[in-house]
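Colleague: Just so it is clear, I am handing over structure30.cif, which has mmCIF, C-alpha atoms and all ligand atoms.
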data_structure
loop_
_atom_site.label_atom_id
_atom_site.label_comp_id
_atom_site.auth_asym_id
_atom_site.auth_seq_id
_atom_site.Cartn_x
_atom_site.Cartn_y
_atom_site.Cartn_z
CA VAL A 1 10.65 -8.37 -48.94
CA ILE A 2 11.57 -8.35 -45.27
CA PRO A 3 8.83 -9.20 -42.76
CA LEU A 4 8.72 -6.84 -39.80
CA ARG A 5 6.78 -6.94 -36.55
CA CYS A 6 5.84 -4.10 -34.19
CA ARG A 7 7.49 -4.62 -30.81
CA ALA A 8 4.58 -2.88 -29.08
CA CYS A 9 1.36 -4.17 -30.71
CA GLY A 10 2.63 -7.18 -32.67
CA ASP A 11 1.22 -5.95 -35.99
CA GLU A 12 3.13 -7.45 -38.92
CA THR A 13 4.21 -5.56 -42.02
CA VAL A 14 6.89 -5.66 -44.69
CA ASP A 15 9.85 -3.35 -45.06
CA ALA A 16 8.77 -0.12 -46.70
CA GLY A 17 11.58 2.04 -45.42
CA VAL A 18 9.69 2.96 -42.27
CA GLN A 19 10.98 3.01 -38.70
CA TYR A 20 7.74 2.88 -36.75
CA CYS A 21 4.50 0.89 -36.73
CA GLU A 22 1.78 2.64 -38.69
CA ARG A 23 -0.88 1.55 -36.19
CA CYS A 24 0.69 2.46 -32.84
CA PHE A 25 4.03 4.15 -33.62
CA GLY A 26 5.89 1.34 -31.82
CA PRO A 27 9.37 0.31 -33.00
CA LEU A 28 9.52 -2.30 -35.76
CA GLU A 29 11.81 -5.32 -35.66
CA VAL A 30 12.73 -7.96 -38.20
CA ILE A 31 11.01 -11.32 -37.88
CA VAL A 32 14.02 -13.61 -37.58
CA PRO A 33 14.03 -16.25 -40.31
CA ARG A 34 13.74 -19.83 -39.12
CA ARG A 35 15.73 -21.56 -41.83
CA PRO A 36 17.30 -24.87 -40.95
CA PHE A 37 20.76 -24.30 -39.52
CA ASP A 38 23.42 -26.26 -37.73
CA ARG A 39 26.87 -25.66 -36.33
CA THR A 40 28.70 -27.39 -39.20
CA ALA A 41 27.11 -25.18 -41.85
CA ILE A 42 27.98 -22.08 -39.87
CA GLU A 43 31.54 -23.20 -39.11
CA SER A 44 32.25 -23.74 -42.80
CA GLY A 45 30.87 -20.31 -43.69
CA PRO A 46 32.85 -17.15 -44.44
CA ARG A 47 35.03 -15.56 -41.76
CA SER A 48 32.64 -12.64 -41.38
CA MET A 49 29.20 -11.89 -39.93
CA TRP A 50 27.70 -13.60 -43.00
CA ARG A 51 28.60 -17.05 -41.63
CA TYR A 52 25.30 -16.65 -39.73
CA ALA A 53 23.34 -16.19 -42.98
CA PRO A 54 20.72 -18.81 -42.02
CA LEU A 55 19.77 -16.58 -39.09
CA LEU A 56 19.87 -13.29 -41.00
CA PRO A 57 17.47 -11.53 -43.37
CA PHE A 58 20.21 -11.45 -46.06
CA GLY A 59 22.76 -14.03 -47.11
CA SER A 60 25.72 -11.79 -47.86
CA GLY A 61 26.99 -8.26 -47.90
CA LEU A 62 29.98 -6.09 -47.02
CA HIS A 63 32.76 -7.84 -45.15
CA ALA A 64 32.45 -7.04 -41.44
CA GLY A 65 32.53 -8.99 -38.20
CA TRP A 66 34.38 -12.15 -37.10
CA THR A 67 36.37 -9.98 -34.72
CA ARG A 68 38.62 -11.39 -32.02
CA LEU A 69 37.33 -12.59 -28.67
CA VAL A 70 40.36 -12.61 -26.38
CA ARG A 71 40.90 -14.02 -22.92
CA ALA A 72 41.89 -11.14 -20.62
CA GLU A 73 43.90 -12.84 -17.89
CA ARG A 74 45.83 -9.84 -16.58
CA LEU A 75 42.80 -7.54 -16.48
CA GLY A 76 40.78 -10.41 -15.00
CA GLU A 77 43.35 -10.80 -12.26
CA ARG A 78 43.12 -7.10 -11.44
CA LEU A 79 39.32 -7.35 -11.22
CA GLY A 80 39.14 -10.74 -9.53
CA LEU A 81 37.53 -12.46 -12.55
CA ARG A 82 38.94 -15.80 -13.68
CA GLN A 83 37.04 -16.12 -16.97
CA LEU A 84 37.02 -12.66 -18.47
CA TRP A 85 36.85 -12.21 -22.25
CA LEU A 86 36.97 -9.09 -24.38
CA LYS A 87 35.30 -8.75 -27.78
CA LEU A 88 37.43 -6.47 -29.94
CA GLU A 89 35.12 -4.63 -32.30
CA GLY A 90 37.95 -2.30 -33.27
CA ASP A 91 38.89 -5.16 -35.64
CA ASN A 92 36.08 -4.14 -37.98
CA PRO A 93 37.05 -2.30 -41.21
CA SER A 94 36.15 1.21 -40.02
CA GLY A 95 37.03 0.49 -36.40
CA SER A 96 33.71 -0.17 -34.69
CA PHE A 97 30.78 -2.59 -34.40
CA LYS A 98 28.71 -0.17 -36.49
CA ASP A 99 30.16 -1.81 -39.61
CA ARG A 100 27.98 -4.86 -38.89
CA LEU A 101 24.85 -2.71 -38.70
CA VAL A 102 25.70 -0.73 -41.80
CA ALA A 103 26.55 -3.91 -43.74
CA MET A 104 23.04 -5.16 -42.95
CA ALA A 105 21.32 -1.87 -43.87
CA VAL A 106 23.31 -1.66 -47.12
CA ALA A 107 22.32 -5.22 -48.03
CA ALA A 108 18.73 -3.97 -47.91
CA SER A 109 19.42 -1.03 -50.22
CA GLY A 110 19.40 -0.65 -53.97
CA PRO A 111 22.69 -0.31 -55.87
CA ASP A 112 22.22 3.41 -56.48
CA ALA A 113 20.85 4.37 -53.08
CA VAL A 114 22.52 7.29 -51.32
CA LEU A 115 23.65 6.07 -47.89
CA ALA A 116 22.65 8.47 -45.13
CA CYS A 117 22.82 8.56 -41.34
CA VAL A 118 22.89 10.60 -38.18
CA SER A 119 25.86 9.75 -35.99
CA THR A 120 27.92 10.56 -32.92
CA GLY A 121 31.01 9.48 -34.89
CA ASN A 122 31.42 5.72 -35.28
CA LEU A 123 28.37 5.23 -37.48
CA ALA A 124 29.60 8.11 -39.64
CA ARG A 125 32.89 6.27 -40.23
CA ALA A 126 31.02 3.06 -40.95
CA VAL A 127 28.72 4.68 -43.54
CA LEU A 128 31.63 6.45 -45.24
CA TRP A 129 33.47 3.12 -45.36
CA ALA A 130 30.43 1.38 -46.87
CA ALA A 131 30.01 4.15 -49.44
CA ASP A 132 33.66 3.78 -50.46
CA GLU A 133 33.40 0.00 -50.66
CA THR A 134 30.27 0.01 -52.81
CA GLY A 135 30.76 3.15 -54.88
CA ARG A 136 27.63 4.70 -53.43
CA ARG A 137 27.31 8.32 -52.39
CA SER A 138 26.71 9.29 -48.78
CA VAL A 139 25.27 12.04 -46.62
CA VAL A 140 26.46 11.81 -43.03
CA LEU A 141 25.28 14.16 -40.28
CA VAL A 142 27.26 14.57 -37.04
CA PRO A 143 27.25 17.06 -34.16
CA ALA A 144 29.60 19.99 -34.83
CA GLY A 145 33.13 19.26 -33.65
CA THR A 146 32.93 15.52 -34.36
CA ASP A 147 36.17 14.61 -36.08
CA VAL A 148 35.05 12.70 -39.14
CA ARG A 149 36.26 14.01 -42.47
CA GLY A 150 33.54 13.76 -45.10
CA ALA A 151 30.70 14.22 -42.61
CA ILE A 152 28.48 17.29 -42.37
CA GLY A 153 28.82 18.98 -38.97
CA VAL A 154 25.55 20.30 -37.58
CA GLN A 155 25.25 22.85 -34.76
CA GLY A 156 23.87 21.29 -31.57
CA ASP A 157 24.12 17.95 -29.79
CA TYR A 158 23.19 14.53 -31.16
CA ASP A 159 19.52 14.92 -30.35
CA ALA A 160 19.34 18.16 -32.36
CA VAL A 161 21.16 16.52 -35.26
CA ASN A 162 18.82 13.55 -35.03
CA ARG A 163 15.76 15.80 -35.33
CA LEU A 164 17.26 17.25 -38.51
CA GLY A 165 17.92 13.71 -39.73
CA VAL A 166 14.29 12.69 -39.24
CA GLU A 167 13.18 15.78 -41.17
CA ALA A 168 15.72 15.19 -43.92
CA ALA A 169 14.70 11.53 -44.16
CA MET A 170 11.17 12.67 -45.03
CA ALA A 171 12.48 15.08 -47.68
CA HIS A 172 14.78 12.37 -49.11
CA GLU A 173 12.77 9.17 -48.74
CA ASP A 174 14.66 7.54 -51.61
CA TRP A 175 17.96 7.61 -49.67
CA ALA A 176 18.94 4.65 -47.49
CA TRP A 177 18.85 6.24 -44.02
CA VAL A 178 20.58 3.41 -42.24
CA ASN A 179 19.54 4.31 -38.68
CA VAL A 180 16.27 6.04 -39.47
CA GLY A 181 14.14 4.42 -42.21
CA ARG A 182 16.30 1.26 -42.30
CA ARG A 183 16.60 1.05 -38.52
CA ALA A 184 14.92 -2.35 -38.03
CA LEU A 185 17.32 -3.99 -40.48
CA TYR A 186 20.29 -2.02 -39.24
CA VAL A 187 19.76 -3.26 -35.67
CA GLU A 188 19.71 -6.87 -36.99
CA GLY A 189 23.46 -6.52 -37.59
CA ALA A 190 24.01 -6.43 -33.82
CA ALA A 191 22.64 -9.97 -33.46
CA THR A 192 25.81 -11.28 -35.12
CA LEU A 193 27.83 -9.99 -32.16
CA ALA A 194 25.98 -12.42 -29.91
CA TYR A 195 26.16 -15.32 -32.39
CA GLU A 196 29.90 -14.84 -32.76
CA THR A 197 30.49 -14.63 -29.04
CA ALA A 198 28.67 -17.91 -28.46
CA GLU A 199 30.54 -19.68 -31.26
CA GLN A 200 33.92 -18.33 -30.15
CA LEU A 201 33.26 -19.55 -26.60
CA GLY A 202 32.77 -23.05 -28.04
CA TRP A 203 29.03 -22.78 -28.64
CA ARG A 204 28.01 -21.64 -25.21
CA ALA A 205 26.47 -18.43 -23.96
CA PRO A 206 28.40 -16.27 -21.50
CA ASP A 207 27.04 -15.97 -17.96
CA HIS A 208 27.21 -12.19 -18.06
CA VAL A 209 27.79 -9.61 -20.81
CA VAL A 210 28.73 -5.99 -20.25
CA ALA A 211 28.52 -3.32 -22.95
CA PRO A 212 28.53 0.45 -23.21
CA ILE A 213 25.27 1.83 -24.59
CA ALA A 214 24.00 4.88 -26.44
CA SER A 215 20.55 4.21 -27.99
CA GLY A 216 20.30 0.81 -26.28
CA ALA A 217 19.19 -0.87 -29.52
CA SER A 218 22.24 -3.06 -30.11
CA LEU A 219 22.51 -4.58 -26.64
CA LEU A 220 18.76 -5.21 -26.67
CA ARG A 221 19.09 -7.07 -29.98
CA MET A 222 22.09 -9.04 -28.68
CA TRP A 223 20.08 -10.19 -25.70
CA ARG A 224 17.35 -11.56 -27.98
CA ALA A 225 20.01 -13.09 -30.22
CA PHE A 226 21.30 -15.32 -27.44
CA SER A 227 17.78 -16.82 -27.35
CA ASP A 228 17.61 -17.10 -31.17
CA ILE A 229 20.70 -19.27 -31.12
CA ALA A 230 19.77 -21.35 -28.06
CA PRO A 231 19.17 -24.57 -30.10
CA LEU A 232 22.86 -24.53 -31.10
CA LEU A 233 24.25 -24.10 -27.61
CA SER A 234 25.59 -26.95 -25.54
CA SER A 235 24.00 -25.85 -22.30
CA GLU A 236 20.84 -24.03 -21.47
CA ARG A 237 21.70 -20.96 -19.54
CA SER A 238 20.31 -17.51 -19.35
CA VAL A 239 22.57 -14.58 -20.04
CA ARG A 240 22.63 -11.65 -17.68
CA ILE A 241 23.12 -8.38 -19.52
CA SER A 242 24.56 -5.26 -17.95
CA ALA A 243 25.00 -1.87 -19.56
CA ALA A 244 27.38 0.99 -18.83
CA GLN A 245 26.94 4.69 -19.54
CA PRO A 246 29.24 7.64 -18.89
CA ALA A 247 27.94 9.65 -15.90
CA GLY A 248 27.71 12.73 -18.14
CA CYS A 249 25.10 10.98 -20.29
CA ALA A 250 23.45 8.29 -18.19
CA PRO A 251 19.67 8.51 -18.59
CA VAL A 252 19.21 4.72 -18.56
CA ALA A 253 21.47 4.27 -15.52
CA ALA A 254 19.52 7.00 -13.72
CA ALA A 255 16.20 5.26 -14.44
CA PHE A 256 17.67 1.94 -13.30
CA ALA A 257 18.90 3.44 -10.02
CA ALA A 258 15.60 5.22 -9.37
CA GLY A 259 13.48 2.16 -10.18
CA HIS A 260 11.67 3.97 -13.02
CA ASP A 261 10.28 2.18 -16.08
CA ASP A 262 10.65 5.20 -18.34
CA VAL A 263 13.86 6.97 -19.31
CA ARG A 264 13.97 10.73 -18.92
CA PRO A 265 16.10 12.58 -21.49
CA VAL A 266 19.26 14.37 -20.36
CA ARG A 267 21.54 16.93 -21.99
CA PRO A 268 24.83 15.06 -22.58
CA SER A 269 28.15 16.34 -21.30
CA THR A 270 30.67 13.52 -21.55
CA VAL A 271 34.19 12.71 -22.75
CA ALA A 272 32.73 9.54 -24.29
CA THR A 273 31.29 11.39 -27.27
CA SER A 274 30.32 8.22 -29.14
CA LEU A 275 27.84 7.50 -26.31
CA ALA A 276 26.43 11.05 -26.08
CA MET A 277 22.79 10.28 -26.81
CA GLY A 278 20.61 12.07 -24.27
CA ASN A 279 17.28 10.64 -25.42
CA PRO A 280 17.93 6.96 -26.18
CA PRO A 281 15.07 5.55 -28.29
CA ASP A 282 15.43 1.99 -26.99
CA GLY A 283 16.32 2.97 -23.44
CA ALA A 284 13.09 1.83 -21.78
CA ASP A 285 12.99 -1.53 -23.57
CA LEU A 286 16.64 -2.16 -22.75
CA LEU A 287 16.02 -1.23 -19.12
CA ALA A 288 13.25 -3.85 -18.92
CA ALA A 289 15.49 -6.46 -20.56
CA VAL A 290 18.40 -5.74 -18.20
CA ARG A 291 16.12 -6.06 -15.17
CA SER A 292 14.51 -9.29 -16.33
CA SER A 293 17.96 -10.78 -17.05
CA GLY A 294 19.25 -9.94 -13.57
CA GLY A 295 21.82 -7.41 -14.80
CA VAL A 296 22.43 -3.78 -13.89
CA VAL A 297 23.02 -0.43 -15.58
CA GLU A 298 26.10 1.36 -14.25
CA ALA A 299 27.07 5.02 -14.57
CA VAL A 300 30.84 5.46 -14.80
CA PRO A 301 32.08 8.79 -13.37
CA GLU A 302 33.57 11.04 -16.05
CA ASP A 303 36.86 11.41 -14.16
CA GLU A 304 37.36 7.62 -14.09
CA ILE A 305 36.91 6.96 -17.82
CA ALA A 306 40.47 7.90 -18.84
CA ASP A 307 41.84 5.74 -15.98
CA ASP A 308 39.82 2.79 -17.23
CA VAL A 309 41.11 3.32 -20.78
CA SER A 310 44.64 3.23 -19.25
CA LEU A 311 43.86 0.14 -17.18
CA LEU A 312 42.85 -1.66 -20.38
CA ARG A 313 45.94 -0.51 -22.24
CA GLU A 314 48.36 -1.36 -19.43
CA SER A 315 46.87 -4.74 -18.59
CA GLU A 316 46.01 -6.04 -22.07
CA GLY A 317 47.73 -3.71 -24.55
CA ILE A 318 44.39 -2.77 -26.09
CA VAL A 319 43.77 0.84 -27.09
CA THR A 320 40.20 2.12 -27.42
CA GLU A 321 38.24 5.33 -27.59
CA PRO A 322 36.65 6.51 -24.29
CA ALA A 323 33.64 4.17 -24.75
CA GLY A 324 36.06 1.30 -24.04
CA GLY A 325 36.86 2.94 -20.71
CA VAL A 326 33.13 3.09 -19.99
CA ALA A 327 32.84 -0.67 -20.67
CA ILE A 328 35.78 -1.44 -18.38
CA GLY A 329 34.53 1.01 -15.74
CA GLY A 330 31.14 -0.69 -15.72
CA LEU A 331 32.80 -4.08 -15.46
CA ARG A 332 35.06 -2.90 -12.64
CA ARG A 333 32.04 -1.67 -10.69
CA LEU A 334 30.22 -4.97 -11.20
CA ALA A 335 33.27 -6.89 -10.01
CA THR A 336 33.99 -4.77 -6.93
CA SER A 337 30.34 -4.79 -5.86
CA GLY A 338 30.26 -8.59 -6.11
CA ARG A 339 27.55 -8.64 -8.79
CA VAL A 340 29.77 -10.84 -10.94
CA GLU A 341 31.29 -13.92 -9.38
CA ALA A 342 34.91 -14.90 -9.88
CA ASP A 343 34.21 -18.06 -11.91
CA GLU A 344 31.51 -16.72 -14.19
CA VAL A 345 32.18 -16.43 -17.91
CA VAL A 346 32.06 -12.69 -18.50
CA VAL A 347 32.31 -10.96 -21.88
CA ALA A 348 32.91 -7.22 -22.11
CA TYR A 349 32.30 -5.54 -25.46
CA LEU A 350 34.87 -3.01 -26.64
CA THR A 351 32.58 -1.55 -29.27
CA ALA A 352 35.26 0.51 -31.03
CA GLY A 353 39.03 0.65 -31.26
CA ASP A 354 41.16 3.76 -31.32
CA THR A 355 39.05 5.68 -33.81
CA GLY A 356 41.48 8.48 -34.60
CA MET A 357 41.15 7.49 -38.23
CA SER A 358 38.98 9.27 -40.73
CA THR A 359 37.85 8.30 -44.18
CA GLY A 360 35.72 10.74 -46.09
CA ARG A 361 35.04 11.59 -49.67
CA LEU A 362 32.10 13.99 -49.89
CA GLY A 363 32.95 17.38 -51.27
CA VAL A 364 30.82 19.28 -48.78
CA PRO A 365 32.01 21.99 -46.38
CA ASN A 366 33.23 21.03 -42.93
CA GLU A 367 32.15 24.18 -41.10
CA PRO A 368 29.00 23.34 -39.12
CA ILE A 369 25.62 24.14 -40.62
CA GLU A 370 22.51 25.28 -38.78
CA PRO A 371 20.18 22.41 -37.82
CA THR A 372 17.62 23.23 -40.52
CA LEU A 373 16.60 21.50 -43.72
CA GLU A 374 17.36 24.67 -45.70
CA ALA A 375 20.95 24.76 -44.41
CA LEU A 376 21.37 21.07 -45.17
CA GLU A 377 20.07 21.42 -48.72
CA ALA A 378 22.49 24.28 -49.32
CA ALA A 379 25.39 22.14 -48.08
CA LEU A 380 24.60 19.24 -50.40
CA PRO A 381 25.99 18.79 -53.89
CA GLU A 382 23.44 20.23 -56.30
CA ASP A 383 22.22 16.92 -57.73
CA LEU A 384 21.39 15.59 -54.24
CA ARG A 385 19.12 18.47 -53.29
CA SER A 386 15.39 17.80 -53.07
ZN ZN A 401 2.30 -1.29 -33.38
#
Can you turn what I pasted into structure tokens?
Ligand SMILES: [Zn+2]
Modeller:
Amino acid sequence: VIPLRCRACGDETVDAGVQYCERCFGPLEVIVPRRPFDRTAIESGPRSMWRYAPLLPFGSGLHAGWTRLVRAERLGERLGLRQLWLKLEGDNPSGSFKDRLVAMAVAASGPDAVLACVSTGNLARAVLWAADETGRRSVVLVPAGTDVRGAIGVQGDYDAVNRLGVEAAMAHEDWAWVNVGRRALYVEGAATLAYETAEQLGWRAPDHVVAPIASGASLLRMWRAFSDIAPLLSSERSVRISAAQPAGCAPVAAAFAAGHDDVRPVRPSTVATSLAMGNPPDGADLLAAVRSSGGVVEAVPEDEIADDVSLLRESEGIVTEPAGGVAIGGLRRLATSGRVEADEVVVAYLTAGDTGMSTGRLGVPNEPIEPTLEALEAALPEDLRS
């Protein structure tokens, strides 16, 4: 039984596979356990996200996390930053930070649960990886044209696919919908990114973190996680968080620039397909967190993203998908505008590696289906239909 709390009204409940508060429809989040923990116990733990078990709702699960945090001296020199670090989430088994989130959602699921998700690409790979690792079946929905073998392509953009996912989650409540019904637990996986960063820096928080965002949920959870772990850190400092979006899908950056509190949906058109979420569910809460931390939300012009991917490759030998270019582009803008100072400890999150890989094992057709429940049912193996 996992205790959850509504982020809007504070009402407490237990995990029943729901995403929203039954009283006010606010988003639910896990009440972080307060078990005794110390650095020594964590340091002698497994070389994975599960070393932080005392801070997590589950003690173990699929092997993900403990990715490299590397000092980026050459890139730092180019940007005028003397203490720049990069967190390489491409080290995860399926190539992105989503493995942490899926590992957490799977830990909350029964041994026979069908793993299901709606994805722009990286989550699809993570769920297919988890299904392979655990012998579970999976149903993975992606926008048509997303190159993930084993996923079901759906006509329309992410937001259209997401609407189908919400509908399908109601028709198949017994499945483990990792980013729908299991969303509160899923997001908990992102906290381990912050815990790891602090430990790898020698148990201190960075001065400033920069990450590309889609829904906004993971960076929001990371920001809270730096507070969760404050008793372990050698110095009390507040972390500034900054987010980066591709200009072709930058609803949070637009709200930040305009001084709005709410985030108005956009229709995505971006080369950074993994970030193409036009109606980010946690956008407004992330915006408030960024502002209160003293950070910014940057929009990186579409025609600069490939150059920033190249800058990263040439300076550090690190290859990423376009989202990595968005992270570096956001960082570059922060540095050139003087919003980050030369001696600050800055961590940029490269949320995925070069995700040209595909896994895949479902025997369902790859031609895109219409975004309707009927079309989805017809595309499923017979024994999975409702
Ligand atoms: Zn509520």
Colleague: Identify, on the basis of all atoms listed in the file, every residue whose closest approach to Cys117 (chain A) does not exceed 8 Å; exclude the query and any residue fewer than 4 positions from it along the same chain; express the result as a VMD selection string.
Modeller: chain A and resid 123 to 124 127 139 to 141 165 177 to 180
Colleague: Measuring between only C-alpha atoms, which one of A:Asn279, A:Ser94, A:Ser215, A:Ser109 shows the shortest distance to Gly17 (chain A)?
Modeller: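 Residue with the minimum atom-to-atom distance to Gly17 (chain A): A:Ser109.
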Colleague: May I have the residues within 12 Å of ligand ZN 401 (chain A), computed using all atoms listed in the file, as a ChimeraX atom specification?
Modeller: /A:4-13,19-29
Colleague: Within 10 Å of region 66-72 of chain A, which residues of region 254-362 of chain A show up? Give each one with its shortest atom-to-atom distance in Å (one decimal) and the two atoms involved, counting only C-alpha atoms, rows by chain then rising residue number, as JSON lines.
Modeller:
{"residue": "A:Leu312", "atom": "CA", "partner": "A:Ala72", "partner_atom": "CA", "distance": 9.5}
{"residue": "A:Ser315", "atom": "CA", "partner": "A:Ala72", "partner_atom": "CA", "distance": 8.4}
{"residue": "A:Glu316", "atom": "CA", "partner": "A:Ala72", "partner_atom": "CA", "distance": 6.7}
{"residue": "A:Val346", "atom": "CA", "partner": "A:Arg71", "partner_atom": "CA", "distance": 10.0}
{"residue": "A:Val347", "atom": "CA", "partner": "A:Leu69", "partner_atom": "CA", "distance": 8.6}
{"residue": "A:Ala348", "atom": "CA", "partner": "A:Leu69", "partner_atom": "CA", "distance": 9.6}
{"residue": "A:Tyr349", "atom": "CA", "partner": "A:Leu69", "partner_atom": "CA", "distance": 9.2}
Colleague: Give me the residues of region 3-94 of chain A that have any atom at most 10 Å from an atom of region 204-212 of chain A; for each, the nearest atom pair and the distance in Å, rounded to one decimal. Use all atoms listed in the file, sort by chain and number, and format it as JSON lines.
Modeller:
{"residue": "A:Gln83", "atom": "CA", "partner": "A:Pro206", "partner_atom": "CA", "distance": 9.8}
{"residue": "A:Leu84", "atom": "CA", "partner": "A:Pro206", "partner_atom": "CA", "distance": 9.8}
{"residue": "A:Trp85", "atom": "CA", "partner": "A:Pro206", "partner_atom": "CA", "distance": 9.4}
{"residue": "A:Leu86", "atom": "CA", "partner": "A:Val210", "partner_atom": "CA", "distance": 9.7}
{"residue": "A:Lys87", "atom": "CA", "partner": "A:Ala211", "partner_atom": "CA", "distance": 9.9}
Colleague: Only C-alpha atoms, please: the residues just picked out, written as a JSON list (two decimals), keeping the file's coordinate frame.
Modeller:
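Result went into again-v3.json, see below:
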[["chain", "number", "residue", "atom", "x", "y", "z"],
["A", 83, "GLN", "CA", 37.04, -16.12, -16.97],
["A", 84, "LEU", "CA", 37.02, -12.66, -18.47],
["A", 85, "TRP", "CA", 36.85, -12.21, -22.25],
["A", 86, "LEU", "CA", 36.97, -9.09, -24.38],
["A", 87, "LYS", "CA", 35.30, -8.75, -27.78]]
Colleague: Grab the CA of Asp132 (chain A) to CA of Trp50 (chain A) distance for me, in Å with one decimal place.
Modeller: 19.8 Å
Colleague: Taking only C-alpha atoms into account, which of A:Ala284, A:Ala126, A:Ile31, A:Val297 comes nearest Leu55 (chain A)?
Modeller: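 When distances to Leu55 (chain A) are compared using only C-alpha atoms, the smallest one comes from A:Ile31.
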Colleague: Enter the distance from CA of Ala53 (chain A) to CA of Leu185 (chain A), in Å, rounded to one decimal.
Modeller: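 Atom-to-atom, CA of Ala53 (chain A) to CA of Leu185 (chain A), that is 13.8 Å.
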Colleague: Using CA of Phe256 (chain A) and CA of Ala243 (chain A) as the two end points, give the distance in Å to one decimal.
Modeller: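 So the two atoms, CA of Phe256 (chain A) and CA of Ala243 (chain A), lie 10.4 Å apart.
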Colleague: Quick one: everything within 7 Å of Val148 (chain A), counting all atoms listed in the file, minus sequence neighbours fewer than 2 positions away in the same chain. Send it as a count of residues only.
Modeller: 6
Colleague: Quick one: residues within 9 Å of (17.1, -5.4, -50.4) (file frame), counting all atoms listed in the file, please, as a ChimeraX atom specification.
Modeller: /A:1-2,58,105-110
